[in-house]
Amino acid sequence: MGMLIKVGMADLKVARAPNNLLTSGLGSCVGVCLFDVGVKVGGLAHIMLPLSTQARNLENKAKFADTAIPILIAEMVKLGAVKNRLVAKIAGGAQMFSFPGASDVMRIGDRNTEAVLENLKQHKVPILAREVGGNFGRTIELDTNQGKVFIRTINRGEKVI
C-alpha cells in the first residue's frame with residue numbers, strides 16, 4: 001500500500017504507483033486526472049479558474065486550466081510518462097449557487113469545465129470519462145495503479161470512473 005498524496009485547492013501533484021492522489025472540495029473547481037498506464041504515473045490538478053489571461057495575479061499557475069494542464073503534463077513526463085499515452089478523467093464543475101438572472105461570469109463551474117476540455121483537446125489528451133455539473137461538491141481519488149478515479153459525494157455515495 002502506497003501513500004495518499006493530498007492535492008490542495010489551486011494545486012497539482014504527480015505520483016507513481018502505488019501512491020494515490022486525492023483532492024477534496026471540488027465545487028465549481030474541476031479535478032483533472034491524467035494517467036499513463038504504461039508506467040503507472042498519474043497526475044491530479046485542482047483547477048479553480050478557467051483562464052490565466054483574465055487574472056491579475058499569475059503567481060500560482062496551478063490555479064488556471066490554461067496553465068495547470070501543460071505543467072501537469074510536463075511533471076508527469078519528468079516521472080517517465082509518455083505524452084501520447086496520457087488519458088484524462090475529470091470531475092467537478094458544479095454550479096454550487098444559483099442566482100436568478102446571473103450572467104455567464106457566475107457560471108464558473110461550466111466555464112471551468114469548458115476550459116479544461118479545450119485545453120486537454122489542445123494537448124491531444126483524450127478524455128475517457130467525466131463526472132461534471134450538478135450542484136454538489138465532490139472528493140476524488142486517483143488510483144495510480146489502475147487509473148481509476150473514485151468520486152465521493154455527500155448523500156450520493158461513491159462512483160468509479
# chains A, B, ... in the order shown; residues from 1 in each chain; ligands from 1
>>> select_by_dssp(residues="range 10-141 of chain A", states="strand (DSSP E or B)", output="count of residues only")
44
>>> residues_around(residues="Cys29 in chain A", least_positions_apart="6", cutoff="8 Å", atoms="only C-alpha atoms", output="list in words")
His46, Ile47, Met48, Leu49, Gly92, Gly93, Ala94, Gly109 and Asn112 of chain A
>>> write_last_selection(atoms="C-alpha atoms", output="PDB file, in the first residue's frame")
ATOM      1  CA  HIS A  46      -7.362  21.054  -8.712  1.00  0.00           C
ATOM      2  CA  ILE A  47      -8.315  23.864 -11.096  1.00  0.00           C
ATOM      3  CA  MET A  48     -10.148  26.908  -9.714  1.00  0.00           C
ATOM      4  CA  LEU A  49     -10.444  29.233 -12.701  1.00  0.00           C
ATOM      5  CA  GLY A  92     -16.314  18.766 -10.589  1.00  0.00           C
ATOM      6  CA  GLY A  93     -17.506  21.909 -12.314  1.00  0.00           C
ATOM      7  CA  ALA A  94     -20.673  22.180 -10.229  1.00  0.00           C
ATOM      8  CA  GLY A 109     -18.334  25.576 -12.920  1.00  0.00           C
ATOM      9  CA  ASN A 112     -14.009  25.752 -15.741  1.00  0.00           C
TER      10      ASN A 112
END
>>> residues_around(residues="Thr144 in chain A", least_positions_apart="5", cutoff="10 Å", atoms="only C-alpha atoms", output="PyMOL selection string")
chain A and resi 2+14-21+33-37+39-43+149
>>> residues_around(residues="Asn119 in chain A", least_positions_apart="3", cutoff="10 Å", atoms="only C-alpha atoms", output="list in words")
Pro50, Ala65, Asp66, Thr67, Ala68, Ile69, Pro70, Thr113, Glu114, Ala115, Val116, Gln122, His123, Lys124 and Val125 of chain A
>>> residues_around(residues="Gly137 in chain A", least_positions_apart="2", cutoff="9 Å", atoms="only C-alpha atoms", output="list in words")
Ser24, Gly25, Leu26, Gly27, Ser28, Gly92, Gly93, Ala94, Met96, Gly134, Asn135, Thr139, Arg152, Thr153 and Ile154 of chain A
>>> atom_distance(atom1="CA of Gly38 in chain A", atom2="CA of Ile73 in chain A")
15.0 Å
>>> select_by_dssp(residues="range 20-150 of chain A", states="alpha helix (DSSP H)", output="VMD selection string")
chain A and resid 65 to 78 108 to 122
